[in-house]
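run21.csv, holding CSV, C-alpha atoms:
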```csv
chain,number,residue,atom,x,y,z
J,1,ASP,CA,29.8,22.0,18.2
J,2,ALA,CA,26.2,21.1,18.9
J,3,GLY,CA,23.9,21.5,16.0
J,4,VAL,CA,20.3,22.6,16.2
J,5,THR,CA,18.5,21.0,19.1
J,6,GLN,CA,14.8,20.6,19.7
J,7,SER,CA,12.7,19.5,22.6
J,8,PRO,CA,10.7,17.5,23.3
J,9,THR,CA,11.3,14.8,20.7
J,10,HIS,CA,7.7,13.5,20.9
J,11,LEU,CA,4.5,14.9,22.3
J,12,ILE,CA,0.9,13.7,22.6
J,13,LYS,CA,-1.8,16.2,23.2
J,14,THR,CA,-5.6,16.3,22.9
J,15,ARG,CA,-7.7,18.6,20.8
J,16,GLY,CA,-8.1,22.1,22.3
J,17,GLN,CA,-4.9,21.9,24.3
J,18,GLN,CA,-2.0,24.2,23.9
J,19,VAL,CA,1.6,23.2,23.2
J,20,THR,CA,5.1,24.8,23.3
J,21,LEU,CA,8.0,23.5,21.3
J,22,ARG,CA,11.6,24.6,21.9
J,23,CYS,CA,14.6,25.1,19.6
J,24,SER,CA,18.2,26.0,20.3
J,25,PRO,CA,20.1,27.2,17.2
J,26,LYS,CA,23.5,26.2,16.0
J,27,SER,CA,26.3,28.1,17.7
J,28,GLY,CA,26.8,31.5,15.9
J,29,HIS,CA,23.4,31.5,14.2
J,30,ASP,CA,21.0,34.4,14.8
J,31,THR,CA,18.0,33.4,12.7
J,32,VAL,CA,15.4,30.6,13.5
J,33,SER,CA,12.7,29.3,11.2
J,34,TRP,CA,10.0,26.9,12.0
J,35,TYR,CA,8.4,24.4,9.6
J,36,GLN,CA,5.5,21.9,9.8
J,37,GLN,CA,5.9,18.6,8.0
J,38,ALA,CA,2.8,16.5,7.7
J,39,LEU,CA,3.2,12.8,7.0
J,40,GLY,CA,4.3,12.2,3.4
J,41,GLN,CA,4.7,15.9,2.6
J,42,GLY,CA,7.4,18.4,2.3
J,43,PRO,CA,8.0,21.0,5.1
J,44,GLN,CA,5.8,24.0,5.1
J,45,PHE,CA,7.2,27.3,6.4
J,46,ILE,CA,5.5,28.7,9.5
J,47,PHE,CA,7.5,31.7,10.4
J,48,GLN,CA,11.0,33.1,10.9
J,49,TYR,CA,12.5,35.0,13.8
J,50,TYR,CA,15.5,37.4,13.6
J,51,GLU,CA,16.5,39.9,16.3
J,52,GLU,CA,13.6,38.7,18.5
J,53,GLU,CA,11.0,39.7,15.9
J,54,GLU,CA,8.9,37.7,13.5
J,55,ARG,CA,10.3,38.6,10.1
J,56,GLN,CA,8.4,36.4,7.7
J,57,ARG,CA,5.3,34.3,8.1
J,58,GLY,CA,3.8,31.5,6.0
J,59,ASN,CA,0.1,30.7,5.5
J,60,PHE,CA,-0.6,29.6,9.1
J,61,PRO,CA,-3.4,30.9,11.4
J,62,ASP,CA,-2.8,33.0,14.4
J,63,ARG,CA,-3.1,29.9,16.6
J,64,PHE,CA,0.6,29.5,15.7
J,65,SER,CA,2.8,32.0,17.5
J,66,GLY,CA,6.4,32.2,18.4
J,67,HIS,CA,9.1,33.9,20.3
J,68,GLN,CA,12.8,34.4,20.1
J,69,PHE,CA,15.0,35.0,23.1
J,70,PRO,CA,18.1,37.2,23.4
J,71,ASN,CA,20.3,34.0,23.2
J,72,TYR,CA,18.6,33.3,19.8
J,73,SER,CA,16.7,30.3,21.1
J,74,SER,CA,13.1,30.1,20.0
J,75,GLU,CA,9.7,28.7,21.0
J,76,LEU,CA,6.7,27.7,18.8
J,77,ASN,CA,3.3,27.9,20.5
J,78,VAL,CA,0.2,26.3,19.1
J,79,ASN,CA,-3.2,27.1,20.8
J,80,ALA,CA,-6.5,25.3,20.4
J,81,LEU,CA,-4.9,22.2,18.9
J,82,LEU,CA,-6.7,20.5,16.0
J,83,LEU,CA,-6.3,16.9,14.8
J,84,GLY,CA,-4.7,18.4,11.7
J,85,ASP,CA,-1.9,19.9,13.7
J,86,SER,CA,-0.4,16.4,14.1
J,87,ALA,CA,3.0,16.6,12.3
J,88,LEU,CA,6.7,16.8,12.6
J,89,TYR,CA,7.7,20.3,13.6
J,90,LEU,CA,11.2,21.3,12.4
J,91,CYS,CA,13.3,24.1,13.5
J,92,ALA,CA,16.1,25.5,11.3
J,93,SER,CA,18.8,28.0,12.1
J,94,SER,CA,20.9,30.2,9.9
J,95,THR,CA,22.8,33.5,9.7
J,96,GLY,CA,20.9,36.4,8.0
J,97,THR,CA,17.7,36.5,6.2
J,98,SER,CA,18.5,36.9,2.5
J,99,GLY,CA,16.9,33.5,1.5
J,100,GLY,CA,20.1,32.1,0.0
J,101,GLU,CA,21.8,31.2,3.3
J,102,THR,CA,22.2,27.6,4.4
J,103,GLN,CA,19.7,26.4,6.9
J,104,TYR,CA,20.6,23.8,9.5
J,105,PHE,CA,17.7,21.7,10.6
J,106,GLY,CA,17.1,20.0,14.0
J,107,PRO,CA,15.7,16.5,14.3
J,108,GLY,CA,12.2,17.8,14.9
J,109,THR,CA,9.4,17.4,17.4
J,110,ARG,CA,6.8,14.9,16.5
J,111,LEU,CA,3.4,16.1,17.7
J,112,LEU,CA,0.3,13.8,17.9
J,113,VAL,CA,-3.0,15.4,18.6
J,114,LEU,CA,-5.8,13.0,19.7
M,1,ALA,CA,4.4,33.3,-6.4
M,2,GLN,CA,6.6,30.3,-6.4
M,3,SER,CA,6.2,26.5,-6.5
M,4,VAL,CA,8.1,23.3,-6.8
M,5,THR,CA,7.2,20.1,-8.6
M,6,GLN,CA,9.1,16.9,-8.0
M,7,LEU,CA,8.4,14.4,-10.6
M,8,GLY,CA,8.0,10.9,-9.2
M,9,SER,CA,7.2,10.3,-5.5
M,10,HIS,CA,9.4,7.2,-5.6
M,11,VAL,CA,12.5,6.4,-7.7
M,12,SER,CA,14.0,3.0,-7.6
M,13,VAL,CA,17.6,2.3,-8.8
M,14,SER,CA,20.1,-0.5,-8.5
M,15,GLU,CA,23.3,0.0,-6.5
M,16,GLY,CA,25.9,1.5,-8.8
M,17,ALA,CA,23.3,2.9,-11.2
M,18,LEU,CA,22.8,6.6,-12.1
M,19,VAL,CA,20.5,8.5,-9.8
M,20,LEU,CA,18.3,11.2,-11.3
M,21,LEU,CA,15.7,13.1,-9.2
M,22,ARG,CA,13.7,15.7,-11.1
M,23,CYS,CA,12.7,19.1,-9.9
M,24,ASN,CA,10.9,21.9,-11.7
M,25,TYR,CA,10.2,25.2,-10.2
M,26,SER,CA,8.3,28.4,-10.9
M,27,SER,CA,9.4,31.8,-9.5
M,28,SER,CA,8.7,35.3,-10.5
M,29,VAL,CA,12.1,36.4,-9.4
M,30,PRO,CA,15.6,34.9,-9.8
M,31,PRO,CA,15.4,31.9,-7.5
M,32,TYR,CA,17.6,30.3,-4.9
M,33,LEU,CA,17.3,26.6,-5.3
M,34,PHE,CA,18.1,23.8,-2.8
M,35,TRP,CA,18.2,20.1,-2.5
M,36,TYR,CA,17.8,18.5,1.0
M,37,VAL,CA,18.0,14.9,2.1
M,38,GLN,CA,16.0,13.4,5.0
M,39,TYR,CA,16.8,10.1,6.6
M,40,PRO,CA,14.1,8.4,8.7
M,41,ASN,CA,13.3,10.1,12.0
M,42,GLN,CA,15.8,12.9,11.3
M,43,GLY,CA,15.7,16.5,10.2
M,44,LEU,CA,16.7,17.8,6.7
M,45,GLN,CA,20.3,18.1,5.6
M,46,LEU,CA,21.4,20.4,2.8
M,47,LEU,CA,23.0,18.5,-0.1
M,48,LEU,CA,23.6,21.6,-2.3
M,49,LYS,CA,22.2,24.9,-3.3
M,50,TYR,CA,22.3,27.4,-6.2
M,51,THR,CA,22.3,31.1,-5.5
M,52,THR,CA,24.2,32.8,-8.3
M,53,GLY,CA,27.1,32.1,-10.6
M,54,ALA,CA,28.0,28.7,-11.9
M,55,THR,CA,24.9,26.7,-12.9
M,56,LEU,CA,26.4,23.3,-12.2
M,57,VAL,CA,26.5,22.9,-8.5
M,58,LYS,CA,28.4,20.2,-6.6
M,59,GLY,CA,27.3,19.0,-3.2
M,60,ILE,CA,28.0,16.5,-0.6
M,61,ASN,CA,28.1,12.7,-1.0
M,62,GLY,CA,28.8,12.9,-4.8
M,63,PHE,CA,25.6,14.7,-5.7
M,64,GLU,CA,25.3,17.5,-8.2
M,65,ALA,CA,22.6,19.6,-9.8
M,66,GLU,CA,22.3,21.9,-12.8
M,67,PHE,CA,20.3,25.0,-12.8
M,68,LYS,CA,18.6,25.4,-16.2
M,69,LYS,CA,16.7,28.6,-16.4
M,70,SER,CA,15.2,28.0,-19.8
M,71,GLU,CA,13.7,24.7,-18.6
M,72,THR,CA,13.0,26.0,-15.0
M,73,SER,CA,14.7,22.8,-13.7
M,74,PHE,CA,17.1,21.9,-11.1
M,75,HIS,CA,17.5,18.1,-11.4
M,76,LEU,CA,19.7,16.2,-8.9
M,77,THR,CA,22.1,13.5,-10.1
M,78,LYS,CA,24.7,11.1,-8.8
M,79,PRO,CA,26.7,8.9,-11.1
M,80,SER,CA,26.6,5.8,-8.9
M,81,ALA,CA,24.1,5.0,-6.3
M,82,HIS,CA,25.0,3.6,-2.9
M,83,MET,CA,22.8,1.8,-0.5
M,84,SER,CA,23.3,4.6,2.0
M,85,ASP,CA,21.7,7.0,-0.5
M,86,ALA,CA,18.3,5.6,0.3
M,87,ALA,CA,16.3,8.4,1.8
M,88,GLU,CA,13.7,11.1,1.1
M,89,TYR,CA,14.9,14.0,-1.1
M,90,PHE,CA,13.3,17.5,-1.2
M,91,CYS,CA,13.8,20.3,-3.7
M,92,ALA,CA,13.1,23.8,-2.5
M,93,VAL,CA,12.9,27.3,-4.0
M,94,SER,CA,13.0,30.7,-2.4
M,95,GLY,CA,12.7,34.0,-4.2
M,96,GLY,CA,12.5,37.6,-3.4
M,97,SER,CA,10.1,37.2,-0.5
M,98,TYR,CA,12.5,34.5,0.9
M,99,ILE,CA,9.6,32.3,2.2
M,100,PRO,CA,10.9,28.9,1.0
M,101,THR,CA,8.6,26.5,-0.8
M,102,PHE,CA,9.4,22.7,-0.7
M,103,GLY,CA,8.4,20.0,-3.0
M,104,ARG,CA,6.5,17.0,-1.8
M,105,GLY,CA,9.6,14.9,-1.8
M,106,THR,CA,11.0,11.9,-3.7
M,107,SER,CA,11.8,8.7,-2.0
M,108,LEU,CA,14.9,7.1,-3.4
M,109,ILE,CA,15.0,3.3,-3.1
M,110,VAL,CA,18.4,1.6,-3.8
M,111,HIS,CA,18.4,-2.2,-4.6
M,112,PRO,CA,21.4,-4.3,-4.0
```

File written out as structure tokens:
Amino acid sequence: DAGVTQSPTHLIKTRGQQVTLRCSPKSGHDTVSWYQQALGQGPQFIFQYYEEEERQRGNFPDRFSGHQFPNYSSELNVNALLLGDSALYLCASSTGTSGGETQYFGPGTRLLVL
Amino acid sequence: AQSVTQLGSHVSVSEGALVLLRCNYSSSVPPYLFWYVQYPNQGLQLLLKYTTGATLVKGINGFEAEFKKSETSFHLTKPSAHMSDAAEYFCAVSGGSYIPTFGRGTSLIVHP
């Protein structure tokens, strides 16, 4: 059983560009959450998708947007990249949205903005 | 509002010694509490979680944690450290709004 997969593993962009990160959830999971983890910090919640809709959102600007497809996979889009967007972006999948469910994390996409 | 404080950005122990990683939280509603481990260049893996019921929670790899409401704590322990336990550990809390909040992490260093 494949766990959560993310692509690409690494990415280098320049300021002002746009980026799309992809996530495939663990088999049987219908909920996908995205996190940003800056170097030396804990993950920060960006948003959560369930039934193809954004259900919860953390304190991130509108430059961060997402999408969930009918097969539950998800994309994270970041527009007008800033140097401060350099981080590890983690995707996590789960079943349900109660808050107490176990989340399974992917290995992440490391984004470097120059 | 909710928050997590992990005391000590680095904890160093000898192999075979007790591991104690501290986590204090604040939450305006009954919390869900989690401990995750992150190895270099990997995602997070759940060690254990508290939702309701028994306050002493046992997890994988011999770790356990106790929810103490009066102390707003959820400290992680392991009786005997192994070299393979060296990693970054994160405590997290989620409450009624679900949006989870993570601590800044504690790096566990295990000396032979």

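Proximity to Val37 (chain M) was assessed for M:Ser84, M:Ser70, M:Ser94, M:Thr52 counting only C-alpha atoms; the smallest distance is recorded for M:Ser84.
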
Inset, instruction - Determine, counting all atoms listed in the file, which protein, DNA and RNA residues have an atom within 7 Å of an atom of region 76-92 of chain J; residues of the same chain fewer than 3 positions away are not included. Present the result as a ChimeraX atom specification. - result: /J:15-23,32-39,63-67,103-114 /M:43

Inset, instruction - Could you check which of J:Gly28, J:Gly99, J:Gly3, J:Pro8 is closest to chain M, using only C-alpha atoms? - result: J:Gly99

Inset, instruction - Please provide as a ChimeraX atom specification all residues within 12 Å of Thr97 (chain J), with the sequence filter that same-chain residues fewer than 6 positions apart are discarded (counting only C-alpha atoms). - result: /J:29-33,48-51,54-56,103 /M:94-100

Inset, instruction - Rank nothing, just name the residue among M:Phe34, M:Phe63, M:Tyr50, M:Tyr25 nearest to Asp85 (chain M), using only C-alpha atoms. - result: M:Phe63

Inset, instruction - Around the point (24.6, 19.5, 0.7) in the file's coordinates, collect all residues with an atom within 8 Å, using all atoms listed in the file, and return them as a PyMOL selection string. - result: chain M and resi 35-36+45-49+59-61

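Residues in contact with Pro40 (chain M) at up to 10 Å, not including ones fewer than 2 positions away on its chain and judged by only C-alpha atoms, are Pro107 of chain J; Gln38, Gln42, Gly43, Leu44, Ala86, Ala87 and Glu88 of chain M.
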
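Going from CA of Thr9 (chain J) over to CA of Lys26 (chain J), you cover 17.3 Å.
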
Inset, instruction - Select, from J:Thr95, J:Thr14, J:Thr5, J:Gln41, the residue with the minimum atom-to-atom distance to chain M, counting all atoms listed in the file. - result: J:Gln41

Inset, instruction - Have a look at CA of Leu33 (chain M) and CA of Asn71 (chain J) and let me know their distance in Å, one decimal. - result: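 It comes out at 29.6 Å.
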
Inset, instruction - Identify, on the basis of only C-alpha atoms, every residue whose closest approach to Phe67 (chain M) does not exceed 12 Å; exclude the query and any residue fewer than 6 positions from it along the same chain; express the result as a list in words. - result: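 Those residues are Arg22, Cys23, Asn24, Tyr25, Pro30, Pro31, Tyr32, Leu33, Phe34, Trp35, Leu48, Lys49, Tyr50, Thr51, Thr52, Gly53, Ala54, Thr55, Leu56, Val57, Lys58, Ser73, Phe74, His75, Leu76, Thr77 and Val93 of chain M.
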
Inset, instruction - Could you please determine the separation between CA of Ser14 (chain M) and CA of Ala92 (chain M) in Å, to one decimal place? - result: 26.0 Å

Legend entry - Selected residue of minimal separation from His82 (chain M) among M:Gly62, M:Asn41, M:Arg104, M:Glu15, counting all atoms listed in the file: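 Among the listed residues, M:Glu15 lies closest to His82 (chain M).
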
Legend entry - Spatial neighbours of Ser26 (chain M), 7 Å, only C-alpha atoms, chain gap at least 4 places, as a ChimeraX atom specification: /M:2-4,72

Inset, instruction - Choose the residue, out of J:Gln44, J:Asn59, J:Ser27, J:Ser93, that has the smallest atom-to-atom separation from chain M; count all atoms listed in the file. - result: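 Going through J:Gln44, J:Asn59, J:Ser27, J:Ser93 one by one, the smallest distance to chain M is for J:Gln44.
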
Report, as AutoDock Vina command-line options, the centre and edge lengths in Å (one decimal) of the axis-aligned box enclosing every listed atom of region 77-83 of chain J, padded by 3 Å on each side.
```
--center_x -1.7 --center_y 22.4 --center_z 17.8 --size_x 16.0 --size_y 17.0 --size_z 12.0
```

Inset, instruction - For the point (18.4, -1.3, -4.2) in the file's frame, write as a PyMOL selection string all residues with an atom no more than 8 Å away, counting all atoms listed in the file. - result: chain M and resi 12-15+83+109-112

Give me region 44-55 of chain M with all heavy atoms filled in, as a short mmCIF file (atom, residue, chain, number, x, y, z; two decimals), in the frame of the given file.
```cif
data_model
loop_
_atom_site.label_atom_id
_atom_site.label_comp_id
_atom_site.auth_asym_id
_atom_site.auth_seq_id
_atom_site.Cartn_x
_atom_site.Cartn_y
_atom_site.Cartn_z
N LEU M 44 16.22 17.65 8.10
CA LEU M 44 16.70 17.80 6.70
C LEU M 44 18.20 18.20 6.77
O LEU M 44 18.61 19.00 7.61
CB LEU M 44 15.92 18.80 5.96
CG LEU M 44 14.60 18.34 5.37
CD1 LEU M 44 13.58 18.05 6.44
CD2 LEU M 44 14.06 19.37 4.39
N GLN M 45 18.95 17.69 5.79
CA GLN M 45 20.30 18.10 5.60
C GLN M 45 20.54 18.62 4.23
O GLN M 45 20.10 18.01 3.25
CB GLN M 45 21.25 16.85 5.86
CG GLN M 45 22.73 17.16 5.70
CD GLN M 45 23.60 15.92 5.81
OE1 GLN M 45 23.12 14.80 5.79
NE2 GLN M 45 24.91 16.14 5.95
N LEU M 46 21.20 19.77 4.13
CA LEU M 46 21.40 20.40 2.80
C LEU M 46 22.43 19.55 2.02
O LEU M 46 23.51 19.25 2.49
CB LEU M 46 21.95 21.79 2.99
CG LEU M 46 22.20 22.55 1.69
CD1 LEU M 46 20.87 22.91 1.02
CD2 LEU M 46 23.01 23.82 1.94
N LEU M 47 22.04 19.19 0.78
CA LEU M 47 23.00 18.50 -0.10
C LEU M 47 23.73 19.54 -0.97
O LEU M 47 24.93 19.42 -1.16
CB LEU M 47 22.18 17.62 -1.10
CG LEU M 47 21.67 16.28 -0.57
CD1 LEU M 47 20.81 15.62 -1.64
CD2 LEU M 47 22.81 15.38 -0.16
N LEU M 48 22.99 20.52 -1.49
CA LEU M 48 23.60 21.60 -2.30
C LEU M 48 22.61 22.68 -2.52
O LEU M 48 21.42 22.51 -2.26
CB LEU M 48 24.05 20.98 -3.67
CG LEU M 48 23.05 20.12 -4.46
CD1 LEU M 48 22.05 20.97 -5.20
CD2 LEU M 48 23.78 19.19 -5.43
N LYS M 49 23.13 23.82 -3.02
CA LYS M 49 22.20 24.90 -3.30
C LYS M 49 22.80 25.77 -4.46
O LYS M 49 24.02 25.78 -4.71
CB LYS M 49 22.08 25.84 -2.07
CG LYS M 49 23.35 26.57 -1.65
CD LYS M 49 23.06 27.46 -0.44
CE LYS M 49 24.32 28.23 -0.01
NZ LYS M 49 24.07 29.09 1.18
N TYR M 50 21.90 26.41 -5.15
CA TYR M 50 22.30 27.40 -6.20
C TYR M 50 21.76 28.74 -5.76
O TYR M 50 20.57 28.91 -5.43
CB TYR M 50 21.62 27.00 -7.54
CG TYR M 50 21.75 28.10 -8.54
CD1 TYR M 50 22.95 28.29 -9.24
CD2 TYR M 50 20.71 29.00 -8.75
CE1 TYR M 50 23.08 29.33 -10.13
CE2 TYR M 50 20.84 30.05 -9.65
CZ TYR M 50 22.03 30.21 -10.33
OH TYR M 50 22.18 31.26 -11.21
N THR M 51 22.67 29.72 -5.77
CA THR M 51 22.30 31.10 -5.50
C THR M 51 22.55 31.94 -6.73
O THR M 51 21.64 32.44 -7.38
CB THR M 51 22.95 31.66 -4.25
OG1 THR M 51 24.37 31.49 -4.36
CG2 THR M 51 22.48 30.92 -3.00
N THR M 52 23.80 32.10 -7.08
CA THR M 52 24.20 32.80 -8.30
C THR M 52 25.43 32.15 -8.85
O THR M 52 26.04 31.32 -8.20
CB THR M 52 24.46 34.30 -8.06
OG1 THR M 52 25.53 34.40 -7.11
CG2 THR M 52 23.25 35.03 -7.53
N GLY M 53 25.81 32.55 -10.07
CA GLY M 53 27.10 32.10 -10.60
C GLY M 53 26.95 30.77 -11.37
O GLY M 53 25.98 30.57 -12.10
N ALA M 54 27.92 29.90 -11.20
CA ALA M 54 28.00 28.70 -11.90
C ALA M 54 26.71 27.86 -11.81
O ALA M 54 26.19 27.67 -10.71
CB ALA M 54 29.17 27.82 -11.46
N THR M 55 26.19 27.40 -12.94
CA THR M 55 24.90 26.70 -12.90
C THR M 55 25.01 25.24 -12.56
O THR M 55 24.00 24.63 -12.22
CB THR M 55 24.23 26.84 -14.31
OG1 THR M 55 25.11 26.29 -15.31
CG2 THR M 55 23.93 28.29 -14.63
#
```
